[in-house]
>>> print(open('my_file_15.cif').read())   # mmCIF, C-alpha atoms
data_upload
loop_
_atom_site.label_atom_id
_atom_site.label_comp_id
_atom_site.auth_asym_id
_atom_site.auth_seq_id
_atom_site.Cartn_x
_atom_site.Cartn_y
_atom_site.Cartn_z
CA MET A 202 36.84 58.34 2.94
CA LEU A 203 36.12 55.90 0.14
CA ILE A 204 37.43 53.03 2.20
CA SER A 205 35.31 54.18 5.12
CA ILE A 206 32.17 54.19 2.93
CA LEU A 207 33.05 50.73 1.60
CA VAL A 208 33.59 49.36 5.09
CA ILE A 209 30.32 50.88 6.32
CA THR A 210 28.44 49.44 3.31
CA MET A 211 29.91 46.01 3.94
CA GLY A 212 29.07 46.40 7.61
CA ILE A 213 25.45 47.22 6.81
CA ILE A 214 25.14 44.20 4.52
CA LEU A 215 26.71 41.97 7.19
CA CYS A 216 24.40 43.47 9.79
CA ILE A 217 21.36 42.74 7.60
CA ALA A 218 22.54 39.18 6.96
CA LEU A 219 23.05 38.61 10.70
CA GLU A 220 19.71 40.23 11.47
CA SER A 221 17.98 37.85 9.02
CA PHE A 222 19.85 34.83 10.35
CA LEU A 223 19.30 35.52 14.05
CA SER A 224 15.79 36.80 13.52
CA THR A 225 14.80 33.48 11.93
CA LEU A 226 16.73 31.45 14.47
CA PHE A 227 15.96 33.14 17.81
CA SER A 228 13.91 36.28 16.93
CA PHE A 229 17.04 38.09 18.01
CA SER A 230 17.94 41.60 16.79
CA VAL A 231 21.47 42.67 15.92
CA ILE A 232 20.69 46.21 14.78
CA ILE A 233 19.72 47.40 18.28
CA ILE A 234 23.01 46.08 19.68
CA VAL A 235 24.92 47.83 16.90
CA ALA A 236 22.94 51.03 17.49
CA LEU A 237 23.51 50.98 21.26
CA ILE A 238 27.23 50.30 20.92
CA LEU A 239 27.85 52.87 18.19
CA VAL A 240 25.76 55.65 19.68
CA GLU A 241 28.53 56.49 22.12
CA LYS A 242 31.42 55.68 19.85
CA TRP A 243 30.52 57.22 16.51
CA ASP A 244 29.94 60.69 15.21
CA THR A 245 26.23 61.59 15.58
CA SER A 246 25.56 62.40 11.93
CA LYS A 247 27.28 59.24 10.72
CA TRP A 248 25.37 57.20 13.32
CA ILE A 249 22.05 58.69 12.26
CA VAL A 250 22.64 57.95 8.56
CA VAL A 251 23.91 54.42 9.08
CA ILE A 252 21.30 53.41 11.64
CA SER A 253 18.45 55.02 9.68
CA LEU A 254 19.44 53.22 6.48
CA SER A 255 20.04 49.90 8.25
CA SER A 256 16.73 50.07 10.06
CA ILE A 257 14.88 50.81 6.82
CA PHE A 258 16.58 47.82 5.16
CA VAL A 259 15.68 45.63 8.13
CA ASP A 260 12.06 46.81 7.97
CA VAL A 261 11.97 45.90 4.29
CA ILE A 262 13.40 42.40 4.65
CA LEU A 263 11.39 41.56 7.78
CA HIS A 264 8.16 42.94 6.25
CA ARG A 265 7.60 45.58 8.91
CA CYS A 266 6.13 49.02 8.46
CA LEU A 267 8.92 51.40 7.40
CA GLY A 268 10.22 53.35 10.38
CA ILE A 269 9.08 51.05 13.19
CA THR A 270 12.59 49.73 13.88
CA LEU A 271 14.01 53.24 13.84
CA LEU A 272 11.25 54.40 16.20
CA SER A 273 12.01 51.53 18.56
CA ILE A 274 15.72 52.32 18.45
CA SER A 275 15.16 56.01 19.16
CA LEU A 276 12.83 55.20 22.09
CA SER A 277 15.33 52.67 23.45
CA ILE A 278 18.12 55.23 23.34
CA LEU A 279 15.81 57.74 24.98
CA VAL A 280 15.25 55.29 27.85
CA LEU A 281 18.97 54.57 27.95
CA ASN A 282 19.83 58.25 28.28
CA ILE A 283 17.16 58.84 30.90
CA LEU A 284 18.38 55.91 32.97
CA PHE A 285 21.95 57.07 32.66
CA LEU A 286 20.88 60.28 34.33
CA VAL A 287 20.11 58.36 37.54
CA MET A 288 22.64 55.54 37.24
CA PRO A 289 26.41 55.83 37.11
CA LYS A 290 28.14 55.01 33.84
CA LYS A 291 31.50 53.84 35.02
CA GLN A 292 30.45 51.06 37.41
CA LEU A 293 30.64 47.63 35.91
CA ILE A 294 27.28 46.01 36.68
CA LEU A 295 25.10 49.03 37.28
CA SER A 296 26.13 50.71 34.03
CA TYR A 297 24.60 47.84 32.03
CA ILE A 298 21.19 47.89 33.73
CA PRO A 299 20.04 50.79 31.48
CA TYR A 300 21.12 48.78 28.44
CA PHE A 301 18.99 45.89 29.61
CA PHE A 302 15.89 48.05 30.00
CA ALA A 303 16.52 49.83 26.70
CA LEU A 304 16.77 46.46 24.91
CA LEU A 305 13.70 45.12 26.68
CA LEU A 306 11.74 48.18 25.57
CA PHE A 307 12.95 47.69 21.99
CA TYR A 308 11.70 44.08 21.86
CA ILE A 309 8.38 44.99 23.49
CA ILE A 310 7.77 47.90 21.09
CA ILE A 311 8.58 45.74 18.09
CA GLN A 312 6.32 42.98 19.37
CA ILE A 313 3.35 45.22 20.07
CA PHE A 314 3.53 48.07 17.58
CA SER A 315 4.79 46.33 14.46
CA PRO A 316 1.46 44.48 13.88
CA LEU A 317 -0.41 47.65 14.89
CA LEU A 318 1.17 49.68 12.10
CA LEU A 319 0.79 46.88 9.57
CA ASP A 320 -2.73 45.64 10.27
CA GLY A 321 -4.14 48.08 12.82
CA ILE A 322 -4.18 45.38 15.53
CA LEU A 323 -1.98 45.38 18.61
CA GLY A 324 0.52 42.54 18.66
CA TYR A 325 -0.08 39.56 20.91
CA PHE A 326 1.75 39.90 24.19
CA SER A 327 1.87 37.32 26.95
CA LEU A 328 4.02 36.34 29.89
CA GLU A 329 5.84 33.84 27.70
CA ILE A 330 6.70 36.54 25.15
CA PHE A 331 7.77 38.84 27.98
CA ILE A 332 10.11 36.17 29.38
CA GLN A 333 11.51 35.57 25.90
CA SER A 334 12.10 39.32 25.56
CA VAL A 335 13.82 39.40 28.95
CA ILE A 336 16.12 36.53 27.94
CA LYS A 337 16.92 38.18 24.59
CA SER A 338 17.61 41.47 26.37
CA LEU A 339 19.91 39.74 28.86
CA VAL A 340 21.84 38.03 26.08
CA SER A 341 22.06 41.32 24.14
CA THR A 342 23.29 43.14 27.27
CA LEU A 343 25.93 40.49 27.76
CA LEU A 344 27.02 40.88 24.14
CA ILE A 345 27.25 44.67 24.52
CA PHE A 346 29.30 44.18 27.69
CA LEU A 347 31.70 41.78 25.92
CA ILE A 348 32.02 43.97 22.85
CA ASN A 349 32.71 47.03 25.04
CA ILE A 350 35.44 45.15 26.91
CA LEU A 351 36.94 44.02 23.61
CA THR A 352 36.92 47.47 22.04
CA ASP A 353 38.33 49.06 25.23
CA ARG A 354 41.22 46.60 25.20
CA ILE A 355 41.99 47.28 21.57
CA ARG A 356 41.96 50.96 22.28
CA THR A 357 44.21 50.50 25.35
CA GLU A 358 46.70 48.48 23.31
CA LYS A 359 46.76 51.21 20.73
CA ILE A 360 47.55 53.81 23.34
CA ILE A 361 50.30 51.63 24.76
CA SER A 362 51.80 51.04 21.33
CA ILE A 363 51.80 54.76 20.68
CA MET B 549 39.36 66.23 23.45
CA VAL B 550 38.34 64.03 26.42
CA LEU B 551 36.15 66.79 27.81
CA GLU B 552 34.46 67.17 24.46
CA SER B 553 33.83 63.46 24.30
CA ASN B 554 32.36 63.39 27.79
CA ASN B 555 30.08 66.29 26.99
CA LYS B 556 28.97 64.46 23.89
CA LYS B 557 28.23 61.27 25.77
CA ASP B 558 26.42 63.00 28.62
CA GLY B 559 24.10 65.07 26.53
CA ASN B 560 23.64 63.08 23.37
CA TRP B 561 19.97 63.81 22.75
CA LEU B 562 20.38 64.79 19.10
CA PRO B 563 20.34 61.23 17.68
CA ILE B 564 17.17 60.50 19.62
CA LEU B 565 15.37 63.53 18.34
CA THR B 566 16.56 63.03 14.78
CA THR B 567 15.82 59.32 14.55
CA PHE B 568 12.46 59.78 16.27
CA THR B 569 11.51 62.46 13.74
CA ILE B 570 12.72 60.40 10.79
CA SER B 571 10.89 57.32 12.03
CA VAL B 572 7.62 59.20 12.56
CA ILE B 573 7.90 60.71 9.07
CA LEU B 574 8.64 57.30 7.61
CA ILE B 575 5.68 55.72 9.39
CA ILE B 576 3.33 58.45 8.23
CA LEU B 577 4.58 58.33 4.63
CA CYS B 578 4.42 54.55 4.64
CA ASN B 579 0.83 54.57 5.90
CA ILE B 580 -0.16 57.22 3.38
CA GLY B 581 1.36 55.07 0.66
CA TRP B 582 3.98 57.48 -0.61
CA LEU B 583 6.75 54.99 0.11
CA ASN B 584 5.12 52.04 -1.63
CA TRP B 585 7.82 52.12 -4.30
CA VAL B 586 10.63 51.86 -1.73
CA LYS B 587 9.86 48.36 -0.48
CA PRO B 588 9.93 46.55 -3.87
CA ALA B 589 13.12 48.37 -4.89
CA LEU B 590 14.96 47.60 -1.66
CA SER B 591 13.62 44.07 -1.36
CA TYR B 592 14.94 43.39 -4.87
CA VAL B 593 18.41 44.11 -3.51
CA PHE B 594 18.17 42.71 0.01
CA ASP B 595 15.82 39.76 -0.33
CA PRO B 596 18.58 37.43 -1.62
CA ILE B 597 20.59 38.18 1.53
CA TYR B 598 17.53 37.54 3.66
CA THR B 599 16.67 34.32 1.81
CA VAL B 600 20.17 32.88 2.12
CA SER B 601 20.50 33.84 5.78
CA SER B 602 17.04 32.67 6.62
CA ASN B 603 17.57 29.32 4.92
CA GLY B 604 20.83 28.92 6.81
CA ALA B 605 19.07 29.73 10.06
CA THR B 606 16.30 27.24 9.31
CA GLN B 607 18.88 24.52 8.69
CA VAL B 608 20.76 25.38 11.88
CA SER B 609 17.47 25.40 13.77
CA GLY B 610 16.70 21.94 12.39
CA TYR B 611 20.10 20.60 13.47
CA VAL B 612 19.78 22.17 16.92
CA SER B 613 16.28 20.79 17.29
CA THR B 614 17.52 17.32 16.27
CA LEU B 615 20.42 17.51 18.72
CA THR B 616 18.28 18.68 21.61
CA ASN B 617 15.65 16.03 20.96
CA ILE B 618 18.10 13.24 20.21
CA SER B 619 17.23 11.22 23.31
CA GLU B 620 13.56 11.46 22.37
CA PHE B 621 14.37 10.32 18.82
CA ARG B 622 16.40 7.41 20.16
CA ASN B 623 13.55 6.30 22.40
CA GLU B 624 11.12 6.63 19.52
CA TYR B 625 13.50 4.71 17.25
CA ASN B 626 13.84 1.89 19.79
CA GLN B 627 10.09 1.74 20.27
CA MET B 628 9.59 1.62 16.52
CA LYS B 629 12.15 -1.19 16.23
CA ILE B 630 10.25 -3.20 18.82
CA GLN B 631 6.98 -2.41 17.08
CA ILE B 632 8.38 -3.43 13.67
CA ALA B 633 9.71 -6.68 15.14
CA GLN B 634 6.28 -7.32 16.61
CA TYR B 635 4.64 -6.63 13.25
CA LYS B 636 7.07 -8.99 11.54
CA VAL B 637 6.24 -11.73 14.03
CA ASP B 638 2.53 -11.08 13.52
CA ILE B 639 2.91 -11.21 9.75
CA ALA B 640 4.92 -14.43 9.91
CA ASP B 641 2.32 -15.91 12.23
CA TYR B 642 -0.47 -14.78 9.93
CA ARG B 643 1.25 -16.28 6.89
CA SER B 644 1.80 -19.54 8.71
CA ILE B 645 -1.87 -19.70 9.74
CA LYS B 646 -3.01 -18.77 6.23
CA LYS B 647 -0.81 -21.44 4.69
CA GLU B 648 -2.12 -24.01 7.15
CA ASN B 649 -5.66 -22.93 6.40
CA ASP B 650 -5.11 -23.26 2.64
CA ASP B 651 -3.54 -26.68 3.07
CA LEU B 652 -6.38 -27.86 5.28
CA LYS B 653 -8.90 -26.67 2.70
CA ILE B 654 -7.09 -28.62 -0.01
CA GLN B 655 -6.88 -31.67 2.17
CA LEU B 656 -10.55 -31.51 3.11
CA GLU B 657 -11.54 -31.28 -0.52
CA LEU B 658 -9.23 -34.01 -1.77
CA GLN B 659 -8.76 -36.49 1.03
CA ASN B 660 -10.12 -39.96 1.00
CA LYS B 661 -12.89 -39.98 3.58
CA GLU B 662 -12.20 -43.58 4.57
CA TYR B 663 -8.99 -42.64 6.25
CA ARG B 664 -8.12 -40.52 9.21
CA TYR B 665 -5.47 -37.92 8.73
CA VAL B 666 -3.21 -36.17 11.22
CA HIS B 667 -2.11 -32.68 10.41
CA SER B 668 1.65 -32.27 10.81
CA LYS B 669 4.19 -29.55 10.30
CA VAL B 670 7.50 -30.11 8.57
CA LEU B 671 10.30 -29.46 11.02
CA ASP B 672 13.36 -30.30 8.99
CA HIS B 673 14.88 -32.36 6.20
CA ILE B 674 17.64 -34.90 6.71
CA GLU B 675 19.79 -34.52 3.60
CA ILE B 676 17.38 -34.81 0.68
CA ASP B 677 16.00 -38.22 1.51
CA TYR B 678 14.03 -37.71 4.68
CA MET B 679 11.63 -35.27 6.22
CA VAL B 680 11.05 -34.70 9.94
CA ILE B 681 7.50 -33.90 11.03
CA ASN B 682 6.17 -32.74 14.38
CA THR B 683 3.80 -35.61 15.07
CA GLY B 684 4.63 -38.97 16.52
CA LEU B 685 3.43 -41.86 18.59
CA GLN B 686 1.30 -39.68 20.84
CA ASP B 687 -0.70 -38.59 17.79
CA GLY B 688 -1.28 -42.22 16.79
CA ILE B 689 1.30 -42.35 14.07
CA THR B 690 3.09 -45.64 13.51
CA ASN B 691 5.76 -46.87 11.15
CA GLY B 692 4.49 -47.40 7.65
CA ASP B 693 1.88 -44.63 7.72
CA ILE B 694 1.60 -42.73 4.48
CA VAL B 695 2.28 -39.01 4.30
CA VAL B 696 0.21 -37.16 1.74
CA PHE B 697 -0.75 -33.70 0.67
CA GLY B 698 -4.16 -33.80 -0.90
CA ASP B 699 -3.98 -36.76 -3.24
CA THR B 700 -0.26 -36.47 -3.73
CA PHE B 701 2.06 -39.05 -2.28
CA LEU B 702 4.90 -37.61 -0.20
CA GLY B 703 6.44 -40.52 1.63
CA ILE B 704 6.22 -43.26 4.21
CA VAL B 705 6.81 -42.90 7.92
CA ILE B 706 9.82 -45.06 8.75
CA GLU B 707 10.52 -44.07 12.32
CA CYS B 708 8.30 -42.72 15.06
CA ASN B 709 9.33 -41.00 18.21
CA GLN B 710 6.98 -39.73 20.85
CA TYR B 711 6.59 -36.29 19.31
CA THR B 712 8.31 -36.47 15.92
CA SER B 713 8.54 -38.82 12.99
CA ILE B 714 10.84 -39.36 10.07
CA VAL B 715 9.34 -39.71 6.63
CA ARG B 716 11.17 -41.40 3.77
CA LEU B 717 10.66 -39.47 0.58
CA PRO B 718 10.40 -41.12 -2.85
CA ILE B 719 13.75 -39.62 -3.76
CA SER B 720 15.47 -41.75 -1.12
CA LYS B 721 17.60 -44.59 -2.48
CA SER B 722 15.81 -46.93 -0.06
CA SER B 723 12.45 -46.10 -1.58
CA PHE B 724 10.94 -48.62 -4.01
CA LEU B 725 7.37 -48.23 -5.13
CA GLU B 726 5.19 -49.85 -7.69
CA VAL B 727 3.42 -47.35 -9.88
CA TYR B 728 1.34 -47.15 -12.99
CA ILE B 729 1.42 -44.50 -15.62
CA ILE B 730 -1.57 -42.82 -17.16
CA SER B 731 -1.63 -40.40 -20.06
CA SER B 732 -1.69 -36.72 -19.37
CA ASP B 733 -3.93 -36.26 -22.37
CA ASP B 734 -7.61 -36.36 -21.41
CA SER B 735 -8.61 -37.69 -24.84
CA ASP B 736 -6.90 -41.00 -24.05
CA GLY B 737 -9.53 -41.72 -21.43
CA ARG B 738 -6.95 -41.92 -18.71
CA ASN B 739 -6.15 -45.58 -19.27
CA ILE B 740 -3.16 -47.19 -17.65
CA LEU B 741 -0.37 -47.04 -20.18
CA SER B 742 2.16 -49.09 -18.29
CA ARG B 743 3.20 -50.34 -14.95
CA ALA B 744 6.60 -49.47 -13.59
CA VAL B 745 8.79 -49.20 -10.54
CA VAL B 746 10.16 -46.03 -9.04
CA ASN B 747 13.13 -45.77 -6.79
CA GLY B 748 15.17 -42.89 -5.51
CA SER B 749 18.58 -42.03 -6.84
CA SER B 750 21.06 -39.23 -6.55
CA ASP B 751 19.75 -37.85 -9.84
CA GLY B 752 16.13 -37.81 -8.75
CA ILE B 753 13.21 -40.24 -8.67
CA LYS B 754 14.01 -42.86 -11.22
CA ILE B 755 11.25 -44.78 -13.01
CA GLU B 756 12.08 -48.12 -14.63
CA ASN B 757 10.49 -51.05 -16.39
CA ILE B 758 8.26 -49.00 -18.64
CA GLY B 759 7.17 -51.11 -21.57
CA MET B 760 8.83 -50.13 -24.82
CA ASN B 761 5.57 -50.09 -26.76
CA SER B 762 3.40 -48.75 -23.97
CA GLY B 763 3.08 -45.31 -25.56
CA VAL B 764 4.34 -43.53 -22.47
CA GLU B 765 5.56 -40.03 -23.14
CA ASN B 766 7.18 -37.29 -21.19
CA GLY B 767 4.59 -35.52 -19.08
CA ASP B 768 2.47 -38.57 -18.39
CA VAL B 769 1.21 -38.92 -14.84
CA VAL B 770 2.76 -41.40 -12.41
CA ILE B 771 0.37 -42.88 -9.85
CA VAL B 772 1.62 -44.83 -6.86
CA ASN B 773 -0.13 -48.15 -6.60
CA ASP B 774 1.78 -50.12 -4.04
CA SER B 775 0.86 -52.59 -1.33
CA LYS B 776 2.56 -50.32 1.21
CA VAL B 777 0.43 -47.37 0.16
CA LYS B 778 -2.85 -49.19 -0.41
CA ASP B 779 -4.25 -46.39 -2.45
CA ASN B 780 -3.79 -44.59 -5.75
CA LEU B 781 -1.87 -41.42 -5.07
CA VAL B 782 -0.25 -39.08 -7.56
CA LEU B 783 3.52 -38.94 -7.50
CA GLY B 784 4.40 -36.69 -10.42
CA HIS B 785 5.08 -36.48 -14.15
CA ILE B 786 7.52 -38.38 -16.28
CA VAL B 787 10.51 -36.49 -17.59
CA GLY B 788 13.69 -37.49 -19.36
CA LEU B 789 12.25 -40.69 -20.86
CA SER B 790 14.92 -42.87 -22.52
CA LYS B 791 14.69 -43.62 -26.25
CA ASP B 792 17.09 -46.50 -26.67
CA PRO B 793 15.62 -48.92 -29.29
CA ALA B 794 18.03 -51.66 -28.25
CA THR B 795 16.32 -52.19 -24.89
CA THR B 796 12.98 -53.76 -24.10
CA THR B 797 12.07 -51.30 -21.39
CA ARG B 798 12.38 -47.58 -20.99
CA THR B 799 13.56 -45.58 -18.04
CA GLY B 800 13.08 -42.01 -17.04
CA TYR B 801 12.62 -39.71 -14.10
CA VAL B 802 9.62 -38.50 -12.16
CA SER B 803 9.18 -34.81 -11.53
CA PRO B 804 7.19 -34.61 -8.26
CA THR B 805 3.93 -32.70 -8.36
CA ILE B 806 4.91 -30.95 -5.15
CA ASP B 807 8.36 -29.76 -4.21
CA PHE B 808 9.12 -31.74 -1.05
CA TYR B 809 11.33 -28.98 0.31
CA ASP B 810 8.78 -26.18 0.09
CA LEU B 811 6.16 -27.84 2.24
CA LEU B 812 5.10 -26.47 5.60
CA ASN B 813 2.11 -28.68 6.33
CA VAL B 814 1.56 -32.32 5.50
CA PHE B 815 -1.02 -34.93 6.47
CA VAL B 816 -0.25 -38.37 7.82
CA ARG B 817 -2.76 -40.98 6.83
CA LEU B 818 -3.14 -43.35 9.72
CA LYS B 819 -2.85 -47.00 8.88
CA ASP B 820 -5.27 -48.18 11.50
CA VAL B 821 -8.27 -45.94 12.08
CA ASP B 822 -9.08 -47.55 15.40
#
>>> encode(input="my_file_15.cif", output="structure tokens")
Amino acid sequence: MLISILVITMGIILCIALESFLSTLFSFSVIIIVALILVEKWDTSKWIVVISLSSIFVDVILHRCLGITLLSISLSILVLNILFLVMPKKQLILSYIPYFFALLLFYIIIQIFSPLLLDGILGYFSLEIFIQSVIKSLVSTLLIFLINILTDRIRTEKIISI
Amino acid sequence: MVLESNNKKDGNWLPILTTFTISVILIILCNIGWLNWVKPALSYVFDPIYTVSSNGATQVSGYVSTLTNISEFRNEYNQMKIQIAQYKVDIADYRSIKKENDDLKIQLELQNKEYRYVHSKVLDHIEIDYMVINTGLQDGITNGDIVVFGDTFLGIVIECNQYTSIVRLPISKSSFLEVYIISSDDSDGRNILSRAVVNGSSDGIKIENIGMNSGVENGDVVIVNDSKVKDNLVLGHIVGLSKDPATTTRTGYVSPTIDFYDLLNVFVRLKDVD
């Protein structure tokens, strides 16, 4: 239990460091990838605590209104779950289309609503920003795909070793 | 176990509801101002992480930007090199023109109006004895013409080609000139102290036959007064005057007024104006 808490704490700090690094470099978010990957793999209560805390920390360091990242994550997962109702989960390409749209929604919400909650003005949104969001969502989807493959293999090996 | 997991994955709406509620509460509390104390406390802990990561990202971004624009930088660098080279040429040209202008001003102020002068540039020196200039027969220069700078004697033209000439400097061993010496002190009225002969040597321009009781001292001015020169032109100052009481004459050396090897422009005084 103690080790688990320590690992989670270290994971949160690493996640925040990566979020800061990639946010400055490419305006790229790590926390949404972590949230989307762990939502199906972790216990719900643990996921809620970890993601809520991480999102609050991210809001603090990126000078956003507290709760906006968590709101974006919850709406993204809502979209993900809705899309999974109409799209199959087990097919390779199709199963990642909902992830793409969920990520795209996350970036758009952050772009538009973060300034709104801070200053009362809607964030600037243009075709260029939309294309950037699409590219970031594609890269994030690819990362989720790779991480899922990696974790599935580790799990398979474990089963074989047992 | 697998069934339970599938059920969990298929109908996992609880995280959405919970996080949505938490986020809405957080947003409301944040806008009300009840969470104003949270940000400073958390930023105290997490800002160092953000600062370090952000600085790292900025550095990486700089490197990436440099790498992606490297061809542009190279082009810019090459263009700047060409531009700098052009500026250097312009500056050298400007200096050369300025120097020529200064020399011409000096010459115009000091020259003897009875003579005609040809402006020449120094091309080279042959050992230490001779100077090559860029004017020759086509400019009207003939052997025996005197080369001056202002009222300072520089040498005698000894060989003329079509476009260049060779000037024998006073330091040459073949150079023999009659001179007179006047005091450097204005209170002496600038009278001729002594006559003498100068000739070149490996040690410098040697001056001989100075009268023992002439009162010549180091620093006195040596004026060329020779049939070959046909004019009174300054050569330099006496240095290293001998003090041997056993001899009837004194010898010394002449320090030229102008360093022959630093000159860019000289003027050739034509022997025959017509």
>>> closest_atom_pairs(input="my_file_15.cif", of="chain B", to="chain A", cutoff="7 Å", atoms="only C-alpha atoms", output="tab-separated table")
residue	atom	partner	partner_atom	distance
B:Lys557	CA	A:Glu241	CA	6.0
B:Pro563	CA	A:Ile249	CA	6.2
B:Ile564	CA	A:Ser275	CA	4.9
B:Thr567	CA	A:Ser275	CA	5.7
B:Phe568	CA	A:Ser275	CA	5.5
B:Ser571	CA	A:Gly268	CA	4.4
B:Val572	CA	A:Gly268	CA	6.8
B:Leu574	CA	A:Gly268	CA	5.1
B:Ile575	CA	A:Gly268	CA	5.2
B:Cys578	CA	A:Leu267	CA	6.1
B:Lys587	CA	A:Val261	CA	5.8
B:Leu590	CA	A:Val261	CA	6.9
B:Ser591	CA	A:Val261	CA	6.2
B:Phe594	CA	A:Ile262	CA	6.7
B:Asp595	CA	A:Ile262	CA	6.1
B:Ile597	CA	A:Ala218	CA	5.9
B:Tyr598	CA	A:Ser221	CA	5.4
B:Ser601	CA	A:Phe222	CA	4.7
B:Ser602	CA	A:Phe222	CA	5.1
B:Gly604	CA	A:Phe222	CA	7.0
B:Ala605	CA	A:Phe222	CA	5.2
B:Thr606	CA	A:Leu226	CA	6.7
B:Ser609	CA	A:Leu226	CA	6.1
>>> resolve_selection(input="my_file_15.cif", expression="the PyMOL selection byres ((chain B and resi 642-648) around 10)", output="PyMOL selection string")
chain B and resi 636-641+649-654+667-669+811-814
>>> write_last_selection(input="my_file_15.cif", atoms="C-alpha atoms", output="PDB file, in the coordinates of the input")
ATOM      1  CA  LYS B 636       7.070  -8.990  11.540  1.00  0.00           C
ATOM      2  CA  VAL B 637       6.240 -11.730  14.030  1.00  0.00           C
ATOM      3  CA  ASP B 638       2.530 -11.080  13.520  1.00  0.00           C
ATOM      4  CA  ILE B 639       2.910 -11.210   9.750  1.00  0.00           C
ATOM      5  CA  ALA B 640       4.920 -14.430   9.910  1.00  0.00           C
ATOM      6  CA  ASP B 641       2.320 -15.910  12.230  1.00  0.00           C
ATOM      7  CA  ASN B 649      -5.660 -22.930   6.400  1.00  0.00           C
ATOM      8  CA  ASP B 650      -5.110 -23.260   2.640  1.00  0.00           C
ATOM      9  CA  ASP B 651      -3.540 -26.680   3.070  1.00  0.00           C
ATOM     10  CA  LEU B 652      -6.380 -27.860   5.280  1.00  0.00           C
ATOM     11  CA  LYS B 653      -8.900 -26.670   2.700  1.00  0.00           C
ATOM     12  CA  ILE B 654      -7.090 -28.620  -0.010  1.00  0.00           C
ATOM     13  CA  HIS B 667      -2.110 -32.680  10.410  1.00  0.00           C
ATOM     14  CA  SER B 668       1.650 -32.270  10.810  1.00  0.00           C
ATOM     15  CA  LYS B 669       4.190 -29.550  10.300  1.00  0.00           C
ATOM     16  CA  LEU B 811       6.160 -27.840   2.240  1.00  0.00           C
ATOM     17  CA  LEU B 812       5.100 -26.470   5.600  1.00  0.00           C
ATOM     18  CA  ASN B 813       2.110 -28.680   6.330  1.00  0.00           C
ATOM     19  CA  VAL B 814       1.560 -32.320   5.500  1.00  0.00           C
TER      20      VAL B 814
END
>>> atom_distance(input="my_file_15.cif", atom1="CA of Ile573 in chain B", atom2="CA of Gly324 in chain A")
21.8 Å
>>> resolve_selection(input="my_file_15.cif", expression="the PyMOL selection byres ((chain B and resi 699-702) around 6)", output="list in words")
Val695, Val696, Phe697, Gly698, Gly703, Leu781, Val782 and Leu783 of chain B
>>> atom_distance(input="my_file_15.cif", atom1="CA of Ala236 in chain A", atom2="CA of Gln607 in chain B")
28.2 Å
>>> atom_distance(input="my_file_15.cif", atom1="CA of Thr799 in chain B", atom2="CA of Asp693 in chain B")
28.3 Å
>>> residues_near_point(input="my_file_15.cif", point="(8.8, -43.5, 1.9)", cutoff="12 Å", atoms="all atoms listed in the file", output="PyMOL selection string")
chain B and resi 677-679+691-696+701-707+714-725+746-748+753+772+774+776-777+783+816
>>> closest_residue(input="my_file_15.cif", among="A:Ile298, A:Ile209, A:Ser315, A:Met202", to="Thr342 in chain A", atoms="only C-alpha atoms")
A:Ile298
>>> closest_residue(input="my_file_15.cif", among="B:Ile806, B:Val764, B:Val680, B:Val593", to="Gly784 in chain B", atoms="only C-alpha atoms")
B:Ile806
>>> closest_residue(input="my_file_15.cif", among="A:Trp243, A:Ile355, A:Ile311, A:Leu343", to="Leu323 in chain A", atoms="only C-alpha atoms")
A:Ile311
>>> residues_near_point(input="my_file_15.cif", point="(11.2, -44.3, -22.5)", cutoff="9 Å", atoms="only C-alpha atoms", output="list in words")
Glu756, Ile758, Gly759, Met760, Gly763, Val764, Glu765, Asn766, Gly788, Leu789, Ser790, Lys791, Asp792, Thr797, Arg798, Thr799 and Gly800 of chain B
>>> residues_around(input="my_file_15.cif", residues="Gln333 in chain A", least_positions_apart="3", cutoff="10 Å", atoms="only C-alpha atoms", output="ChimeraX atom specification")
/A:227-229,305,308,327-330,336-339
>>> resolve_selection(input="my_file_15.cif", expression="the PyMOL selection byres ((chain B and resi 742) around 6)", output="ChimeraX atom specification")
/B:728-729,740-741,743,762
>>> residues_around(input="my_file_15.cif", residues="Cys216 in chain A", least_positions_apart="6", cutoff="10 Å", atoms="only C-alpha atoms", output="ChimeraX atom specification")
/A:210,222,230-232,235,255,259
